[in-house]
>>> print(open('coords.txt').read())   # compact mmCIF, N, CA and C atoms
# COMPACT_ATOMS: atom_id res chain seq x y z
N GLN A 485 -38.25 60.06 -40.73
CA GLN A 485 -39.21 60.02 -41.82
C GLN A 485 -38.49 60.30 -43.15
N VAL A 486 -38.92 59.63 -44.17
CA VAL A 486 -38.35 59.80 -45.50
C VAL A 486 -39.45 60.30 -46.43
N GLN A 487 -39.15 61.33 -47.19
CA GLN A 487 -40.09 61.84 -48.18
C GLN A 487 -39.71 61.29 -49.55
N LEU A 488 -40.72 60.85 -50.29
CA LEU A 488 -40.48 60.16 -51.56
C LEU A 488 -41.29 60.80 -52.68
N VAL A 489 -40.66 60.97 -53.84
CA VAL A 489 -41.34 61.52 -55.02
C VAL A 489 -41.00 60.65 -56.23
N GLU A 490 -42.04 60.04 -56.82
CA GLU A 490 -41.84 59.19 -57.99
C GLU A 490 -41.95 60.00 -59.27
N SER A 491 -41.31 59.52 -60.31
CA SER A 491 -41.42 60.11 -61.64
C SER A 491 -41.11 59.04 -62.68
N GLY A 492 -41.42 59.34 -63.93
CA GLY A 492 -41.07 58.44 -65.02
C GLY A 492 -42.22 57.64 -65.59
N GLY A 493 -43.40 57.76 -65.00
CA GLY A 493 -44.54 57.05 -65.53
C GLY A 493 -45.01 57.63 -66.85
N GLY A 494 -45.94 56.94 -67.51
CA GLY A 494 -46.47 57.43 -68.76
C GLY A 494 -47.21 56.36 -69.52
N LEU A 495 -47.47 56.65 -70.79
CA LEU A 495 -48.18 55.73 -71.68
C LEU A 495 -47.16 55.07 -72.61
N VAL A 496 -47.22 53.75 -72.72
CA VAL A 496 -46.28 53.02 -73.56
C VAL A 496 -47.01 51.85 -74.20
N GLN A 497 -46.57 51.45 -75.37
CA GLN A 497 -47.17 50.30 -76.03
C GLN A 497 -46.63 49.00 -75.43
N ALA A 498 -47.41 47.97 -75.56
CA ALA A 498 -46.98 46.64 -75.09
C ALA A 498 -45.64 46.28 -75.73
N GLY A 499 -44.76 45.75 -74.91
CA GLY A 499 -43.42 45.41 -75.37
C GLY A 499 -42.40 46.50 -75.14
N GLY A 500 -42.89 47.69 -74.77
CA GLY A 500 -42.00 48.81 -74.55
C GLY A 500 -41.39 48.82 -73.16
N SER A 501 -40.66 49.90 -72.88
CA SER A 501 -39.94 50.02 -71.61
C SER A 501 -40.17 51.38 -70.98
N LEU A 502 -40.07 51.41 -69.67
CA LEU A 502 -40.10 52.65 -68.90
C LEU A 502 -39.14 52.49 -67.73
N ARG A 503 -38.59 53.61 -67.27
CA ARG A 503 -37.80 53.59 -66.05
C ARG A 503 -38.41 54.56 -65.05
N LEU A 504 -38.84 54.04 -63.94
CA LEU A 504 -39.36 54.87 -62.86
C LEU A 504 -38.22 55.27 -61.93
N SER A 505 -38.32 56.48 -61.41
CA SER A 505 -37.36 56.96 -60.43
C SER A 505 -38.11 57.37 -59.17
N CYS A 506 -37.44 57.22 -58.06
CA CYS A 506 -38.00 57.63 -56.77
C CYS A 506 -36.92 58.43 -56.04
N ALA A 507 -37.13 59.72 -55.95
CA ALA A 507 -36.18 60.60 -55.27
C ALA A 507 -36.56 60.71 -53.80
N ALA A 508 -35.59 60.48 -52.93
CA ALA A 508 -35.85 60.46 -51.49
C ALA A 508 -35.11 61.57 -50.78
N SER A 509 -35.73 62.09 -49.75
CA SER A 509 -35.06 63.05 -48.87
C SER A 509 -35.14 62.52 -47.46
N GLY A 510 -34.12 62.79 -46.67
CA GLY A 510 -34.08 62.25 -45.33
C GLY A 510 -32.73 61.64 -45.06
N ARG A 511 -32.23 61.84 -43.85
CA ARG A 511 -30.86 61.45 -43.53
C ARG A 511 -30.66 59.94 -43.50
N THR A 512 -31.72 59.18 -43.29
CA THR A 512 -31.55 57.73 -43.14
C THR A 512 -31.94 56.94 -44.38
N PHE A 513 -32.05 57.61 -45.52
CA PHE A 513 -32.46 56.89 -46.73
C PHE A 513 -31.52 55.72 -46.99
N GLY A 514 -30.24 55.96 -46.91
CA GLY A 514 -29.27 54.93 -47.27
C GLY A 514 -29.31 53.72 -46.36
N ALA A 515 -29.93 53.82 -45.20
CA ALA A 515 -29.99 52.71 -44.26
C ALA A 515 -31.31 51.95 -44.34
N ARG A 516 -32.15 52.30 -45.28
CA ARG A 516 -33.48 51.70 -45.34
C ARG A 516 -33.65 50.84 -46.59
N ALA A 517 -34.26 49.69 -46.40
CA ALA A 517 -34.70 48.91 -47.55
C ALA A 517 -35.81 49.68 -48.26
N MET A 518 -35.92 49.48 -49.56
CA MET A 518 -36.91 50.20 -50.35
C MET A 518 -37.74 49.21 -51.16
N GLY A 519 -38.89 49.68 -51.61
CA GLY A 519 -39.74 48.80 -52.41
C GLY A 519 -40.57 49.57 -53.40
N TRP A 520 -41.02 48.85 -54.41
CA TRP A 520 -41.99 49.39 -55.37
C TRP A 520 -43.25 48.52 -55.28
N PHE A 521 -44.39 49.19 -55.24
CA PHE A 521 -45.69 48.53 -55.24
C PHE A 521 -46.52 49.12 -56.37
N ARG A 522 -47.62 48.45 -56.70
CA ARG A 522 -48.52 49.00 -57.71
C ARG A 522 -49.96 48.67 -57.34
N GLN A 523 -50.85 49.51 -57.83
CA GLN A 523 -52.28 49.31 -57.58
C GLN A 523 -53.06 49.62 -58.84
N ALA A 524 -53.74 48.62 -59.34
CA ALA A 524 -54.59 48.79 -60.51
C ALA A 524 -56.02 49.09 -60.04
N PRO A 525 -56.83 49.71 -60.89
CA PRO A 525 -58.21 50.03 -60.49
C PRO A 525 -58.97 48.79 -60.03
N GLY A 526 -59.60 48.91 -58.86
CA GLY A 526 -60.39 47.81 -58.34
C GLY A 526 -59.61 46.69 -57.71
N LYS A 527 -58.29 46.85 -57.62
CA LYS A 527 -57.45 45.80 -57.05
C LYS A 527 -56.68 46.33 -55.85
N GLU A 528 -56.19 45.41 -55.03
CA GLU A 528 -55.40 45.79 -53.88
C GLU A 528 -53.98 46.15 -54.31
N ARG A 529 -53.32 46.93 -53.47
CA ARG A 529 -51.92 47.27 -53.73
C ARG A 529 -51.08 46.00 -53.62
N GLU A 530 -50.19 45.80 -54.58
CA GLU A 530 -49.39 44.59 -54.59
C GLU A 530 -47.90 44.90 -54.71
N PHE A 531 -47.12 44.03 -54.11
CA PHE A 531 -45.66 44.15 -54.15
C PHE A 531 -45.17 43.90 -55.57
N VAL A 532 -44.19 44.72 -55.99
CA VAL A 532 -43.58 44.55 -57.30
C VAL A 532 -42.10 44.15 -57.16
N ALA A 533 -41.34 44.95 -56.40
CA ALA A 533 -39.92 44.68 -56.25
C ALA A 533 -39.41 45.33 -54.97
N GLY A 534 -38.37 44.73 -54.39
CA GLY A 534 -37.77 45.28 -53.18
C GLY A 534 -36.26 45.17 -53.25
N ILE A 535 -35.59 46.03 -52.46
CA ILE A 535 -34.13 46.05 -52.47
C ILE A 535 -33.63 46.37 -51.07
N SER A 536 -32.54 45.73 -50.67
CA SER A 536 -31.97 45.99 -49.36
C SER A 536 -31.26 47.33 -49.33
N TRP A 537 -30.79 47.74 -48.15
CA TRP A 537 -30.22 49.07 -48.03
C TRP A 537 -29.00 49.27 -48.93
N SER A 538 -28.21 48.21 -49.10
CA SER A 538 -26.99 48.34 -49.90
C SER A 538 -27.22 48.04 -51.38
N GLY A 539 -28.36 47.44 -51.68
CA GLY A 539 -28.61 47.03 -53.06
C GLY A 539 -28.14 45.62 -53.36
N ALA A 540 -27.54 44.96 -52.37
CA ALA A 540 -26.98 43.63 -52.60
C ALA A 540 -28.05 42.56 -52.74
N SER A 541 -29.21 42.80 -52.12
CA SER A 541 -30.30 41.82 -52.17
C SER A 541 -31.53 42.44 -52.80
N THR A 542 -32.19 41.67 -53.65
CA THR A 542 -33.41 42.12 -54.30
C THR A 542 -34.44 41.00 -54.30
N SER A 543 -35.69 41.39 -54.51
CA SER A 543 -36.78 40.43 -54.60
C SER A 543 -37.82 40.96 -55.57
N TYR A 544 -38.47 40.04 -56.28
CA TYR A 544 -39.44 40.44 -57.29
C TYR A 544 -40.70 39.59 -57.19
N ALA A 545 -41.83 40.20 -57.55
CA ALA A 545 -43.05 39.44 -57.71
C ALA A 545 -42.87 38.52 -58.91
N ASP A 546 -43.50 37.36 -58.86
CA ASP A 546 -43.36 36.40 -59.97
C ASP A 546 -43.81 37.00 -61.29
N SER A 547 -44.80 37.88 -61.24
CA SER A 547 -45.38 38.44 -62.46
C SER A 547 -44.42 39.37 -63.20
N VAL A 548 -43.38 39.86 -62.51
CA VAL A 548 -42.45 40.80 -63.16
C VAL A 548 -41.03 40.26 -63.24
N LYS A 549 -40.80 39.11 -62.65
CA LYS A 549 -39.45 38.54 -62.62
C LYS A 549 -38.93 38.34 -64.04
N GLY A 550 -37.70 38.80 -64.27
CA GLY A 550 -37.11 38.69 -65.59
C GLY A 550 -37.41 39.87 -66.50
N ARG A 551 -38.37 40.71 -66.11
CA ARG A 551 -38.73 41.87 -66.93
C ARG A 551 -38.39 43.19 -66.23
N PHE A 552 -38.52 43.21 -64.91
CA PHE A 552 -38.28 44.43 -64.14
C PHE A 552 -36.97 44.29 -63.35
N THR A 553 -36.30 45.42 -63.14
CA THR A 553 -35.08 45.45 -62.34
C THR A 553 -35.12 46.64 -61.39
N ILE A 554 -34.94 46.38 -60.11
CA ILE A 554 -34.86 47.45 -59.12
C ILE A 554 -33.40 47.71 -58.80
N SER A 555 -33.07 48.98 -58.62
CA SER A 555 -31.70 49.35 -58.27
C SER A 555 -31.76 50.64 -57.45
N ARG A 556 -30.63 51.00 -56.85
CA ARG A 556 -30.60 52.22 -56.05
C ARG A 556 -29.22 52.86 -56.14
N ASP A 557 -29.21 54.17 -55.96
CA ASP A 557 -27.98 54.94 -55.89
C ASP A 557 -28.04 55.73 -54.59
N ASN A 558 -27.39 55.22 -53.56
CA ASN A 558 -27.48 55.87 -52.25
C ASN A 558 -26.77 57.22 -52.22
N ALA A 559 -25.82 57.42 -53.09
CA ALA A 559 -25.15 58.72 -53.14
C ALA A 559 -26.09 59.81 -53.65
N LYS A 560 -27.05 59.41 -54.50
CA LYS A 560 -28.02 60.37 -55.06
C LYS A 560 -29.38 60.27 -54.40
N ASN A 561 -29.55 59.34 -53.47
CA ASN A 561 -30.85 59.14 -52.81
C ASN A 561 -31.95 58.83 -53.81
N ILE A 562 -31.69 57.92 -54.72
CA ILE A 562 -32.67 57.57 -55.76
C ILE A 562 -32.80 56.04 -55.84
N VAL A 563 -34.02 55.60 -56.03
CA VAL A 563 -34.31 54.20 -56.33
C VAL A 563 -34.95 54.15 -57.71
N TYR A 564 -34.56 53.16 -58.49
CA TYR A 564 -35.07 53.02 -59.85
C TYR A 564 -35.85 51.72 -60.00
N LEU A 565 -36.77 51.73 -60.96
CA LEU A 565 -37.43 50.51 -61.38
C LEU A 565 -37.41 50.51 -62.91
N GLN A 566 -36.54 49.70 -63.48
CA GLN A 566 -36.48 49.54 -64.93
C GLN A 566 -37.50 48.49 -65.34
N MET A 567 -38.41 48.87 -66.22
CA MET A 567 -39.48 47.97 -66.63
C MET A 567 -39.38 47.71 -68.13
N ASN A 568 -39.11 46.47 -68.49
CA ASN A 568 -39.00 46.08 -69.89
C ASN A 568 -40.11 45.10 -70.26
N SER A 569 -40.31 44.92 -71.54
CA SER A 569 -41.34 43.99 -72.04
C SER A 569 -42.67 44.21 -71.34
N LEU A 570 -43.07 45.44 -71.29
CA LEU A 570 -44.30 45.79 -70.56
C LEU A 570 -45.53 45.17 -71.21
N GLU A 571 -46.47 44.81 -70.37
CA GLU A 571 -47.71 44.18 -70.79
C GLU A 571 -48.89 45.03 -70.31
N PRO A 572 -50.04 44.93 -70.98
CA PRO A 572 -51.21 45.68 -70.52
C PRO A 572 -51.54 45.41 -69.06
N GLU A 573 -51.24 44.21 -68.58
CA GLU A 573 -51.52 43.85 -67.18
C GLU A 573 -50.63 44.62 -66.20
N ASP A 574 -49.60 45.29 -66.69
CA ASP A 574 -48.74 46.10 -65.83
C ASP A 574 -49.32 47.49 -65.58
N THR A 575 -50.42 47.82 -66.23
CA THR A 575 -51.05 49.12 -66.04
C THR A 575 -51.50 49.29 -64.60
N ALA A 576 -51.04 50.37 -63.97
CA ALA A 576 -51.35 50.61 -62.56
C ALA A 576 -50.70 51.92 -62.14
N VAL A 577 -51.04 52.36 -60.94
CA VAL A 577 -50.28 53.42 -60.29
C VAL A 577 -49.15 52.75 -59.51
N TYR A 578 -47.95 53.22 -59.74
CA TYR A 578 -46.78 52.63 -59.09
C TYR A 578 -46.31 53.54 -57.94
N TYR A 579 -46.06 52.91 -56.79
CA TYR A 579 -45.67 53.62 -55.59
C TYR A 579 -44.29 53.16 -55.12
N CYS A 580 -43.52 54.13 -54.70
CA CYS A 580 -42.24 53.86 -54.06
C CYS A 580 -42.47 53.90 -52.54
N ALA A 581 -41.73 53.05 -51.81
CA ALA A 581 -41.91 53.00 -50.36
C ALA A 581 -40.58 52.76 -49.67
N ALA A 582 -40.45 53.33 -48.47
CA ALA A 582 -39.25 53.16 -47.65
C ALA A 582 -39.61 52.38 -46.39
N ALA A 583 -38.74 51.47 -45.99
CA ALA A 583 -39.01 50.63 -44.82
C ALA A 583 -39.19 51.47 -43.56
N ARG A 584 -39.97 50.93 -42.63
CA ARG A 584 -40.25 51.65 -41.38
C ARG A 584 -38.99 51.88 -40.57
N THR A 585 -38.10 50.91 -40.57
CA THR A 585 -36.91 51.00 -39.73
C THR A 585 -35.66 51.01 -40.58
N ALA A 586 -34.65 51.73 -40.09
CA ALA A 586 -33.34 51.72 -40.72
C ALA A 586 -32.57 50.50 -40.23
N TYR A 587 -32.03 49.73 -41.14
CA TYR A 587 -31.40 48.47 -40.77
C TYR A 587 -30.32 48.11 -41.78
N TYR A 588 -29.09 47.95 -41.29
CA TYR A 588 -27.97 47.63 -42.16
C TYR A 588 -27.84 46.12 -42.31
N GLY A 589 -28.82 45.52 -42.93
CA GLY A 589 -28.77 44.09 -43.15
C GLY A 589 -29.14 43.77 -44.58
N THR A 590 -29.38 42.50 -44.84
CA THR A 590 -29.70 42.07 -46.21
C THR A 590 -31.19 41.88 -46.43
N THR A 591 -31.98 42.30 -45.42
CA THR A 591 -33.42 42.07 -45.51
C THR A 591 -34.04 42.85 -46.66
N VAL A 592 -34.91 42.16 -47.39
CA VAL A 592 -35.75 42.78 -48.40
C VAL A 592 -37.19 42.59 -47.95
N TYR A 593 -37.92 43.66 -47.80
CA TYR A 593 -39.30 43.59 -47.34
C TYR A 593 -40.26 43.51 -48.52
N THR A 594 -41.37 42.77 -48.32
CA THR A 594 -42.34 42.62 -49.40
C THR A 594 -43.76 42.96 -48.97
N SER A 595 -44.00 43.14 -47.69
CA SER A 595 -45.35 43.44 -47.21
C SER A 595 -45.53 44.94 -47.04
N PRO A 596 -46.69 45.49 -47.46
CA PRO A 596 -46.91 46.92 -47.29
C PRO A 596 -46.77 47.38 -45.83
N SER A 597 -47.06 46.50 -44.88
CA SER A 597 -46.98 46.88 -43.47
C SER A 597 -45.55 47.10 -43.00
N ASP A 598 -44.57 46.65 -43.76
CA ASP A 598 -43.16 46.86 -43.40
C ASP A 598 -42.65 48.23 -43.82
N PHE A 599 -43.46 48.97 -44.55
CA PHE A 599 -43.03 50.25 -45.09
C PHE A 599 -43.77 51.39 -44.40
N GLY A 600 -43.03 52.43 -44.04
CA GLY A 600 -43.61 53.53 -43.29
C GLY A 600 -43.74 54.82 -44.07
N SER A 601 -43.08 54.92 -45.20
CA SER A 601 -43.14 56.15 -46.01
C SER A 601 -43.48 55.76 -47.44
N TRP A 602 -44.39 56.52 -48.03
CA TRP A 602 -44.87 56.24 -49.38
C TRP A 602 -44.85 57.50 -50.22
N GLY A 603 -44.58 57.33 -51.51
CA GLY A 603 -44.69 58.43 -52.44
C GLY A 603 -46.14 58.61 -52.87
N GLN A 604 -46.35 59.59 -53.74
CA GLN A 604 -47.71 59.91 -54.18
C GLN A 604 -48.15 59.02 -55.35
N GLY A 605 -47.22 58.33 -55.97
CA GLY A 605 -47.55 57.42 -57.05
C GLY A 605 -47.36 58.04 -58.42
N THR A 606 -47.08 57.19 -59.40
CA THR A 606 -46.96 57.63 -60.79
C THR A 606 -47.70 56.62 -61.68
N GLN A 607 -48.48 57.13 -62.61
CA GLN A 607 -49.32 56.27 -63.44
C GLN A 607 -48.51 55.66 -64.58
N VAL A 608 -48.67 54.34 -64.74
CA VAL A 608 -48.10 53.63 -65.87
C VAL A 608 -49.26 52.99 -66.64
N THR A 609 -49.36 53.31 -67.92
CA THR A 609 -50.42 52.75 -68.76
C THR A 609 -49.78 52.06 -69.96
N VAL A 610 -50.10 50.79 -70.14
CA VAL A 610 -49.55 50.01 -71.24
C VAL A 610 -50.69 49.65 -72.19
N SER A 611 -50.59 50.11 -73.41
CA SER A 611 -51.63 49.85 -74.40
C SER A 611 -51.29 48.60 -75.21
N SER A 612 -52.35 47.91 -75.63
CA SER A 612 -52.16 46.66 -76.38
C SER A 612 -52.09 46.91 -77.88
>>> encode(input="coords.txt", output="structure tokens")
Amino acid sequence: QVQLVESGGGLVQAGGSLRLSCAASGRTFGARAMGWFRQAPGKEREFVAGISWSGASTSYADSVKGRFTISRDNAKNIVYLQMNSLEPEDTAVYYCAAARTAYYGTTVYTSPSDFGSWGQGTQVTVSS
């Protein structure tokens, strides 16, 4: 099991930037693919970005491609989500997630069912 704690959320104006961090504890963090999801009020949780265990492979939702960047530092057990050119539509609670299984491959997961550990979420609000 991996424990996850997100930070870095807040209120920002449209066009601004934020960097979210996800601190992980657990011996197998470095062997797990990671992901960021978000959930806006009244909407289902949606995939934002994913990264393989080594960081060599990444995937993004079309709505954030070119604006958001996911990265990880396995030595520090941290996953980041750099968010630039933020839009009001990006307003949501952002969740960090760790894959259910440890796997040393290039797989990037995008479905919530592939993730077994979730953080508590951090609020991101983008004003127009």
>>> closest_residue(input="coords.txt", among="A:Val489, A:Ala540, A:Ala498, A:Val548", to="Thr609 of chain A", atoms="all atoms listed in the file")
A:Ala498
>>> select_by_dssp(input="coords.txt", residues="segment 524-601 of chain A", states="strand (DSSP E or B)", output="ChimeraX atom specification")
/A:530-535,542-544,552-557,562-567,576-583,599-601
>>> select_by_dssp(input="coords.txt", residues="segment 488-610 of chain A", states="helix (DSSP H, G or I)", output="number ranges by chain")
A: 513-515, 572-574, 596-598
>>> closest_residue(input="coords.txt", among="A:Ala515, A:Val608, A:Ile535, A:Val592", to="Pro572 of chain A", atoms="only C-alpha atoms")
A:Val608
>>> closest_atom_pairs(input="coords.txt", of="segment 556-589 of chain A", to="segment 506-513 of chain A", cutoff="6 Å", atoms="only C-alpha atoms", output="CSV")
residue,atom,partner,partner_atom,distance
A:Asn561,CA,A:Ala508,CA,5.3
A:Ile562,CA,A:Ala507,CA,4.7
A:Val563,CA,A:Cys506,CA,5.1
>>> closest_residue(input="coords.txt", among="A:Ser611, A:Ala576, A:Ser601, A:Ser541", to="Gly589 of chain A", atoms="only N, CA and C atoms")
A:Ser541
>>> residues_around(input="coords.txt", residues="Ser547 of chain A", least_positions_apart="3", cutoff="10 Å", atoms="only C-alpha atoms", output="VMD selection string")
chain A and resid 532 544 550 to 552 573 to 574
>>> atom_distance(input="coords.txt", atom1="atom N of Ala583 of chain A", atom2="atom C of Arg522 of chain A")
16.2 Å
>>> residues_around(input="coords.txt", residues="Ala581 of chain A", least_positions_apart="2", cutoff="6.5 Å", atoms="all atoms listed in the file", output="PyMOL selection string")
chain A and resi 517-521+579+583+599-603
>>> residues_around(input="coords.txt", residues="Ala524 of chain A", least_positions_apart="4", cutoff="7 Å", atoms="only N, CA and C atoms", output="VMD selection string")
chain A and resid 528 to 530 575 to 577
>>> closest_residue(input="coords.txt", among="A:Ser505, A:Gln497, A:Gln566, A:Gln487", to="Thr606 of chain A", atoms="only C-alpha atoms")
A:Ser505
>>> closest_residue(input="coords.txt", among="A:Ser536, A:Ser569, A:Lys560, A:Ser543", to="Thr590 of chain A", atoms="only N, CA and C atoms")
A:Ser536
>>> closest_residue(input="coords.txt", among="A:Val496, A:Ser501, A:Ser538, A:Ser491", to="Tyr587 of chain A", atoms="all atoms listed in the file")
A:Ser538
>>> atom_distance(input="coords.txt", atom1="atom C of Arg556 of chain A", atom2="atom CA of Asp598 of chain A")
19.8 Å
>>> atom_distance(input="coords.txt", atom1="atom C of Glu490 of chain A", atom2="atom N of Met567 of chain A")
13.6 Å
>>> axis_aligned_box(input="coords.txt", around="segment 569-579 of chain A", padding_each_side="8 Å", output="AutoDock Vina command-line options")
--center_x -45.9 --center_y 48.7 --center_z -63.6 --size_x 27.2 --size_y 25.8 --size_z 32.9
